[in-house]
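Right, one structure below, let's go through it.
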There are 2 protein chains.
Amino acid sequence: MIKKYTFGNPLKTGAVVLEISPSEGSPAGFEINAKEKELKTGLSKDAYVYGLGETIRGINKRGWIYRSNNADEPHHEEGKNSLYASHNFFILDDGKNCRGYFVDHPGFVEFDIGYSDKDLFTIRFEDFDADFYEIEGNEPKEIVRAFRELIGKSYMPPIWAFGYGQSRWGYKTADDIREVNNRYKELGIPLDMIYMDIDYMQDFKDFTVNPKRFPDFENFVKEMKDDGIRLIPIIDAGVKIEKGYDIYEEGVAQNYFCKKEDGTNLVAAVWPGKVHFPDFLNTKAREWFGDKYKTLTDVGIEGFWNDMNEPAIFYTEDHLKEVFEGIHEMENKELDIWGFFQFRGLIEGIANNPEDYRRFFHDFDGVKVRHDKVHNLYGFYMTRAAGEAFPRIAPDKKILMFSRASYIGMHRYGGVWTGDNMSWWSHLLLNIKQMPSLNMAGFIYSGADTGGFGCDCTEDLMMRWIEFSMFTPLFRNHAALGTREQELYQFKDSESFRNLVELRYALIPYIYREFTKAVENNSMYFRPLFFDYRNDDRCREIEDQLLVGDSIMIAPVYEQNKTGRYVYLPEDMKMLRMRSYNDYDEEVVTAGDHYIKAELNEVLVFIRPGQKLPLTKPARHVDDLNLDELTFIS
Amino acid sequence: MIKKYTFGNPLKTGAVVLEISPSEGSPAGFEINAKEKELKTGLSKDAYVYGLGETIRGINKRGWIYRSNNADEPHHEEGKNSLYASHNFFILDDGKNCRGYFVDHPGFVEFDIGYSDKDLFTIRFEDFDADFYEIEGNEPKEIVRAFRELIGKSYMPPIWAFGYGQSRWGYKTADDIREVNNRYKELGIPLDMIYMDIDYMQDFKDFTVNPKRFPDFENFVKEMKDDGIRLIPIIDAGVKIEKGYDIYEEGVAQNYFCKKEDGTNLVAAVWPGKVHFPDFLNTKAREWFGDKYKTLTDVGIEGFWNDMNEPAIFYTEDHLKEVFEGIHEMENKELDIWGFFQFRGLIEGIANNPEDYRRFFHDFDGVKVRHDKVHNLYGFYMTRAAGEAFPRIAPDKKILMFSRASYIGMHRYGGVWTGDNMSWWSHLLLNIKQMPSLNMAGFIYSGADTGGFGCDCTEDLMMRWIEFSMFTPLFRNHAALGTREQELYQFKDSESFRNLVELRYALIPYIYREFTKAVENNSMYFRPLFFDYRNDDRCREIEDQLLVGDSIMIAPVYEQNKTGRYVYLPEDMKMLRMRSYNDYDEEVVTAGDHYIKAELNEVLVFIRPGQKLPLTKPARHVDDLNLDELTFIS
């Protein structure tokens, strides 16, 4: 049972696909205060809050304040409030009642879940215009299913997208990419994708390829494909301002870029230097931009990742002018220490400045809307541009697509990765906790930058992270320019890395089957234990073990210098301590608490009673797997 | 057995108090490469490394690279390499051999403990001048005892310093401080100290008090003392450049400030604006600065904290000039995106710039030494200035003293707090892991900013943190300007907070006794389990339970939304689940693994077999405790 309550005059975000007639009155449990632009409900001692998709902190969201305000935020620390996505769906489960809620509002929303007052949950708006959905159900899984019906079926990628991918910001030439492939091949570590970060483009211009560093790109794509490797280029939101660059020229001529109040195109700066932002909220601009992917699909490209689409802004032309004026003013005074901090703050606040998001406007199909009012839709609509275009421009192919910024609704067009994380053990744990929340919001094809994007990765962190990421649908090793190189061949124990990646490939029949079920049945591929074991109170607080599909539970080791961990089993299970697809210990572990050994190269998999885990023989590429010849462990 | 190996011509740091004759040859296990300025040893699979005092990451230091380079670093993240201290002592325990090592070198040292190569431990120097001590012993506790004999007895604070203290950057007036006292009093929460951050000074000048905001300071000190509260002011390293300010004038006249190559005094900027840095390495300057504390001890002050003594540098006059030149140069060019990052980097790199630490010199009792060569001594020698002065200027009193920056040797003059941490759950865990490492290095009087300094603290985090900090000798709640107010009266469940702080006071007889033993016997107040249970391999990896003194083990809850945790017991123990000093559950828990419930307001204490835990009746102040009338739980 879904009820919709409408506050003010909400814009249609495109998040939902079912038409629900508005209800009168108030949503259950919540008290509305339109004047204060907020909703409030009490949190009993035993109340749990699940959801909010891609955020920091735990699976239970209590005890913090989260802000839907898509942000280019590489510091995923406990003190942050916003990451790249706004997924305004949550389940409030107080032991007696369990209800889902979806706040369909494309601007700023704040979820104060027992932060200001530990017994209160307050939702605050900047603009009190929203469709507020209330979803009844007996238990979380039922609520999630109903919600996912409301928002439509999740994106289904091609099967090869379940292979392992290597990425790094800094592969500058075709030869760099060949080397990655060759070194993986030498070690016999499976690999299906090599990602191309911004380096491949000509001056960071979307849909261009640097002809010097990638001569005869079409042939190169073919060469790699013939060797089983698909190249997955990045596409950024900003379009470089450059006379003669077709996309720039067309966008200007056809008014497809976001405009300032005075009608001129906003000038911002990102990787290409000065750019305009395509107005993805305008249907025509969206079609136009979507068609541009054809430049790359026509030469054999079958997958993309959309980036910088919060949108990230390094600076705007207007604001930089203000900053320099400020600097001059300060320089002429004798700087006291507060003046110095003001000076520093001026520069440190240049990027992603909130004021900049109020400087430009969209033509939201005829309605002029200031960007900040619809900010959280931008990445969604960029990805929608691509997702709507693919059937037109590459009708015979399934195209891989995932995005950094997102809003609920985008899950129909692509997956997400969790953005610029760090090579931190705590981010491996964050990755574990984010996955079920993303699934609730419809993002099933998802994963983190394995090994961490920023900072320097150690061999043990990479190995433990691989041991978790091998279960995430999106399985990509990615790192930033300037960090320690972390391709698996950079480390010493390549045998264990090969065994672990092979194990992933052996698991693909299971992973793909369970993924497909989650998409088809609007269910969750990753679930907290308490979603399945509703009568086992001990499961409520467990956030470092997950159910993966219907047959298994995993318990990753996520701490440095540990060769074991505690595991709680809600019922007897068959435990596999796996070093590879064909080298593992088997043991039935009884229900209850156990300290279980797991050396650095060992993965713990628990098979649920009555279930069987199918395995196939690994191969270097997904396309070479025999998906029918399976062995079963039970 | 301690051996000393001397490389090059090391400066005398003052870390050690025993004269050891140098040995010929190489330290056991280590290979010396003087040309590369490094020492190397292999790390077997089972080797553990303990020590390095105040650092990030675990009790076992394997798998990261640590740099001794005292830093004003509020971001204690996993990717960092240096915090505020350089504690170059470690124990290498490979199962067969267990040895301690101390690298007595006051400049930059790098400890690459299985980072670059997981099987190698490399120590790298910028200057290969060091006394390298090797300490034999059968087990870690024996090695620690021998090392601590080498470096001399640890600082012993007055007993009232074991009370609870409230601090915040932002108490601007005497009335602000009265309010803190009154609100604690109203709720009956014990309190012994209120800390005075930089706000109390006149224009941030050391040893001044703003007479408007603190009229008749002496009387105010007395008024508070009469109410059982000691005021603990901060002292910063930099001396404000201001005509007529006596300390500035004297320091200039007597050449007590650090000088640049050209003989002029370095001009840096910190809180007071432009400052000179006292040359604490110069004995005369040290005496002179130490005597200045008399200004405050004479009006009744009995404790201090030394801060900003890495030294932190917001900017130097010379470098700021270079930055502005750089800005002008860039402004005149059309900034491309890399130019923009260069521009931003210019400003972001102003503070604590490595070049600035090479711009000035010390008169190290007759030897001119460039600052970076002795950088890690600066905070030590500032605190030594105070510690050496106290018997002269306040002979009848025991003075509380702790510092932010430190080097081994400083432990004889004061304690440390762990600097500007954050209100993060992960920093509560870091706090737990740092304590035994600090103890090894001689820093027994230590603790973290309870609740976290930066970021916003939630009620549950504060409560869990109090539940750990109640065992740390230094027990202070401290927070930064601009963060959420976190005095215990700011939260709802003040009853539980009162019960918990009272429990600390009830435990003071135990804490003080065990602390004194650690100081007198050169032992550790906080120990990892494996230091006592050498034959229990399970204890090796346990880093979230600690032995506190000889009688108890603690197992703090450090995760949000958890009402229990796993605990490993190496032997049967009496468990206390304590809500207050006189409200607790008792239960004998058998050796092995247990999941143990602990609600938000409950502390788990485990009494070791044959031991008794003494408790006294709590009081509002330490001075009012009856230390003789004890009840014992066993």
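Labels for the structure tokens follow display order: chains A, B, ..., residues from 1 in each chain, ligands from 1.
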DSSP strand (DSSP E or B) selection over range 71-198 of chain B, as a ChimeraX atom specification: /B:85-86,89-93,98-104,109-113,120-125,130-136,164-166,193-196
Selection file, N, CA and C atoms, as a CSV table (one decimal), in the first residue's frame:
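In the end it all went to out_26.csv:
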chain,number,residue,atom,x,y,z
B,85,ALA,N,53.7,14.0,17.3
B,85,ALA,CA,54.8,13.5,18.1
B,85,ALA,C,55.8,12.6,17.3
B,86,SER,N,57.0,12.4,17.8
B,86,SER,CA,58.0,11.5,17.2
B,86,SER,C,58.5,10.6,18.4
B,89,PHE,N,60.6,4.7,19.3
B,89,PHE,CA,60.8,3.4,20.0
B,89,PHE,C,59.8,2.3,19.5
B,90,PHE,N,60.4,1.1,19.2
B,90,PHE,CA,59.5,0.1,18.8
B,90,PHE,C,60.0,-1.3,19.2
B,91,ILE,N,59.1,-2.3,19.3
B,91,ILE,CA,59.5,-3.6,19.6
B,91,ILE,C,59.2,-4.5,18.4
B,92,LEU,N,60.2,-5.3,18.0
B,92,LEU,CA,60.0,-6.2,16.9
B,92,LEU,C,59.9,-7.6,17.5
B,93,ASP,N,58.8,-8.2,17.3
B,93,ASP,CA,58.5,-9.5,17.9
B,93,ASP,C,58.1,-10.5,16.8
B,98,CYS,N,62.4,-11.3,20.3
B,98,CYS,CA,61.6,-10.1,20.7
B,98,CYS,C,62.7,-9.1,21.1
B,99,ARG,N,62.8,-8.0,20.4
B,99,ARG,CA,63.8,-6.9,20.8
B,99,ARG,C,63.2,-5.5,20.7
B,100,GLY,N,63.7,-4.7,21.5
B,100,GLY,CA,63.3,-3.3,21.4
B,100,GLY,C,64.4,-2.4,20.7
B,101,TYR,N,63.9,-1.4,20.1
B,101,TYR,CA,64.9,-0.5,19.4
B,101,TYR,C,64.5,1.0,19.6
B,102,PHE,N,65.4,1.8,19.8
B,102,PHE,CA,65.1,3.3,19.9
B,102,PHE,C,66.1,4.0,19.0
B,103,VAL,N,65.5,4.8,18.1
B,103,VAL,CA,66.2,5.6,17.2
B,103,VAL,C,66.3,7.0,17.7
B,104,ASP,N,67.4,7.3,18.3
B,104,ASP,CA,67.5,8.7,18.9
B,104,ASP,C,68.1,9.6,17.9
B,109,VAL,N,62.7,10.9,10.4
B,109,VAL,CA,63.0,9.5,10.3
B,109,VAL,C,61.8,8.8,9.7
B,110,GLU,N,62.0,7.8,8.9
B,110,GLU,CA,60.8,7.2,8.2
B,110,GLU,C,60.9,5.7,8.6
B,111,PHE,N,59.7,5.2,9.1
B,111,PHE,CA,59.6,3.8,9.4
B,111,PHE,C,58.7,3.1,8.4
B,112,ASP,N,59.3,2.4,7.5
B,112,ASP,CA,58.5,1.7,6.5
B,112,ASP,C,58.3,0.2,6.9
B,113,ILE,N,57.2,0.0,7.5
B,113,ILE,CA,57.0,-1.3,8.2
B,113,ILE,C,56.1,-2.2,7.3
B,120,LEU,N,59.4,-6.5,4.4
B,120,LEU,CA,60.6,-5.7,4.8
B,120,LEU,C,60.3,-4.5,5.7
B,121,PHE,N,61.2,-4.3,6.7
B,121,PHE,CA,61.0,-3.1,7.6
B,121,PHE,C,62.3,-2.3,7.3
B,122,THR,N,62.0,-1.1,6.8
B,122,THR,CA,63.2,-0.2,6.5
B,122,THR,C,63.0,1.1,7.3
B,123,ILE,N,64.1,1.5,7.9
B,123,ILE,CA,64.2,2.8,8.6
B,123,ILE,C,65.1,3.7,7.7
B,124,ARG,N,64.5,4.9,7.3
B,124,ARG,CA,65.2,5.8,6.5
B,124,ARG,C,65.5,7.1,7.2
B,125,PHE,N,66.6,7.7,7.0
B,125,PHE,CA,67.0,9.0,7.6
B,125,PHE,C,67.2,10.0,6.5
B,130,ALA,N,72.7,9.2,14.3
B,130,ALA,CA,71.7,8.7,15.3
B,130,ALA,C,72.4,7.8,16.3
B,131,ASP,N,71.9,7.9,17.5
B,131,ASP,CA,72.2,6.8,18.4
B,131,ASP,C,71.0,5.8,18.3
B,132,PHE,N,71.5,4.6,18.0
B,132,PHE,CA,70.5,3.5,17.8
B,132,PHE,C,70.6,2.5,18.9
B,133,TYR,N,69.6,2.4,19.7
B,133,TYR,CA,69.7,1.5,20.9
B,133,TYR,C,68.9,0.2,20.6
B,134,GLU,N,69.6,-0.9,21.0
B,134,GLU,CA,68.9,-2.2,20.9
B,134,GLU,C,68.7,-2.7,22.3
B,135,ILE,N,67.5,-3.1,22.6
B,135,ILE,CA,67.2,-3.6,23.9
B,135,ILE,C,66.8,-5.0,23.9
B,136,GLU,N,67.6,-5.8,24.6
B,136,GLU,CA,67.2,-7.3,24.7
B,136,GLU,C,66.3,-7.5,25.8
B,164,TYR,N,38.0,15.0,36.4
B,164,TYR,CA,37.5,15.3,35.0
B,164,TYR,C,37.6,16.7,34.7
B,165,GLY,N,38.0,17.1,33.5
B,165,GLY,CA,38.2,18.4,33.1
B,165,GLY,C,37.3,18.8,31.9
B,166,GLN,N,36.8,20.0,31.9
B,166,GLN,CA,36.0,20.5,30.8
B,166,GLN,C,36.8,21.6,30.1
B,193,MET,N,38.6,20.5,36.8
B,193,MET,CA,39.4,21.5,36.1
B,193,MET,C,38.5,22.1,35.0
B,194,ILE,N,38.7,23.4,34.8
B,194,ILE,CA,38.2,24.0,33.6
B,194,ILE,C,39.4,24.6,32.8
B,195,TYR,N,39.5,24.2,31.6
B,195,TYR,CA,40.7,24.6,30.8
B,195,TYR,C,40.4,25.9,30.1
B,196,MET,N,41.4,26.7,30.0
B,196,MET,CA,41.3,28.0,29.3
B,196,MET,C,42.1,27.9,28.0
Name the residues of range 263-402 of chain B that fall into alpha helix (DSSP H) according to DSSP on the backbone, using the chain letters and numbers of this document, as a VMD selection string. chain B and resid 283 to 292 294 to 297 317 to 332 337 to 348 378 to 393
Exercise: Phe277 in chain B partners within 7 Å, only C-alpha atoms, chain neighbours under 4 positions left out, as a VMD selection string: chain B and resid 237 to 239 257 to 258
Selection export as a compact mmCIF listing (two decimals), in the first residue's frame, atoms kept: N, CA and C atoms:
# COMPACT_ATOMS: atom_id res chain seq x y z
N ALA B 237 53.49 28.30 21.68
CA ALA B 237 54.93 28.45 21.47
C ALA B 237 55.32 29.85 20.97
N GLY B 238 54.53 30.45 20.10
CA GLY B 238 54.93 31.70 19.46
C GLY B 238 54.71 32.92 20.36
N VAL B 239 55.68 33.84 20.34
CA VAL B 239 55.59 35.07 21.14
C VAL B 239 55.25 36.25 20.24
N PHE B 257 65.28 34.39 20.53
CA PHE B 257 64.37 33.88 19.50
C PHE B 257 65.14 33.19 18.37
N CYS B 258 64.43 32.31 17.67
CA CYS B 258 65.05 31.61 16.54
C CYS B 258 65.33 32.59 15.42
Set the cut-off to 7 Å and count only C-alpha atoms: what are the residues of chain B that reach chain A? Output as number ranges by chain. B: 63, 78-79, 115, 271, 273, 336-337, 344, 347, 424, 455, 458, 541, 562
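Relative to CA of Lys172 in chain B, CA of Thr472 in chain B is found at 27.9 Å.
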Pick out the residues sitting within 12 Å of Pro395 in chain A, and hand them over as a ChimeraX atom specification; count only C-alpha atoms, and ignore anything fewer than 6 positions along from it in its own chain. /A:294,297-298,302,387-389
Could you save those same residues with C-alpha atoms as an mmCIF file, in the first residue's frame?
data_model
loop_
_atom_site.group_PDB
_atom_site.id
_atom_site.type_symbol
_atom_site.label_atom_id
_atom_site.label_comp_id
_atom_site.auth_asym_id
_atom_site.auth_seq_id
_atom_site.Cartn_x
_atom_site.Cartn_y
_atom_site.Cartn_z
ATOM 1 C CA LYS A 294 27.398 7.366 -30.846
ATOM 2 C CA THR A 297 29.707 3.271 -29.792
ATOM 3 C CA ASP A 298 30.297 3.482 -33.538
ATOM 4 C CA GLU A 302 30.235 -0.828 -25.279
ATOM 5 C CA GLY A 387 20.369 5.515 -21.263
ATOM 6 C CA GLU A 388 17.625 6.859 -23.509
ATOM 7 C CA ALA A 389 20.041 7.212 -26.410
#
Could you check the closest approach to Asp206 in chain B for each of B:Phe280, B:Tyr171, B:Tyr293, B:Tyr378 and tell me which residue wins, using only C-alpha atoms? B:Tyr293
Which neighbours of Tyr489 in chain B fall inside 8 Å, counting only C-alpha atoms, when residues of the same chain fewer than 6 positions from it are skipped, and could you give them as a PyMOL selection string? chain B and resi 183-184+187
Selected residues written out, all heavy atoms, as a compact mmCIF listing (two decimals), in the first residue's frame:
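part_11.txt was written with the following content:
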# COMPACT_ATOMS: atom_id res chain seq x y z
N ARG B 183 26.75 24.83 35.73
CA ARG B 183 25.88 23.85 35.10
C ARG B 183 26.31 22.43 35.47
O ARG B 183 25.45 21.55 35.63
CB ARG B 183 25.83 24.07 33.59
CG ARG B 183 25.20 25.46 33.31
CD ARG B 183 24.71 25.64 31.93
NE ARG B 183 23.67 24.68 31.57
CZ ARG B 183 23.13 24.64 30.36
NH1 ARG B 183 23.54 25.51 29.43
NH2 ARG B 183 22.20 23.76 30.07
N TYR B 184 27.58 22.21 35.60
CA TYR B 184 28.01 20.89 36.09
C TYR B 184 27.53 20.69 37.52
O TYR B 184 27.07 19.60 37.90
CB TYR B 184 29.54 20.75 36.00
CG TYR B 184 30.00 20.17 34.68
CD1 TYR B 184 30.44 21.00 33.65
CD2 TYR B 184 29.96 18.81 34.45
CE1 TYR B 184 30.84 20.47 32.43
CE2 TYR B 184 30.35 18.26 33.23
CZ TYR B 184 30.79 19.11 32.22
OH TYR B 184 31.17 18.58 31.02
N LEU B 187 23.88 19.76 37.90
CA LEU B 187 23.58 18.36 37.57
C LEU B 187 24.32 17.39 38.47
O LEU B 187 24.14 16.18 38.36
CB LEU B 187 23.93 18.09 36.11
CG LEU B 187 23.09 18.86 35.08
CD1 LEU B 187 23.63 18.62 33.68
CD2 LEU B 187 21.61 18.45 35.15
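Restricting the calculation to only C-alpha atoms, the smallest distance between Tyr584 in chain A and any of A:Thr483, A:Asn499, A:Asn477, A:Ser68 is found for A:Asn499.
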If you count only C-alpha atoms, which residues fall within 10 Å of His105 in chain A, apart from same-chain ones fewer than 6 positions away, as a compact mmCIF listing (two decimals) with C-alpha atoms, in the first residue's frame?
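The file below, selection-v1.txt, is the result:
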# COMPACT_ATOMS: atom_id res chain seq x y z
CA PRO A 10 6.62 19.77 -6.49
CA LEU A 11 8.41 19.45 -9.80
CA LYS A 12 8.16 16.09 -11.54
CA THR A 13 11.55 14.50 -10.97
CA ALA A 15 11.83 9.20 -9.95
CA SER A 68 20.70 15.43 0.14
CA SER A 86 20.63 11.86 -3.01
CA ASN A 88 15.70 10.03 -0.22
CA PHE A 125 13.46 21.36 3.38
CA ASP A 127 11.59 24.56 -0.35
CA PHE A 128 8.55 22.81 0.96
CA ASP A 129 7.53 21.29 -2.37
CA ALA A 130 7.63 17.55 -2.40
CA ASP A 131 5.80 14.35 -3.11
CA PHE A 132 6.05 12.36 0.08
CA LYS A 373 16.27 23.84 -6.83
CA VAL A 374 16.86 20.75 -8.97
CA ASN A 376 20.23 16.54 -7.28
CA LEU A 377 18.75 15.63 -10.65
CA TYR A 407 19.06 10.45 -7.69
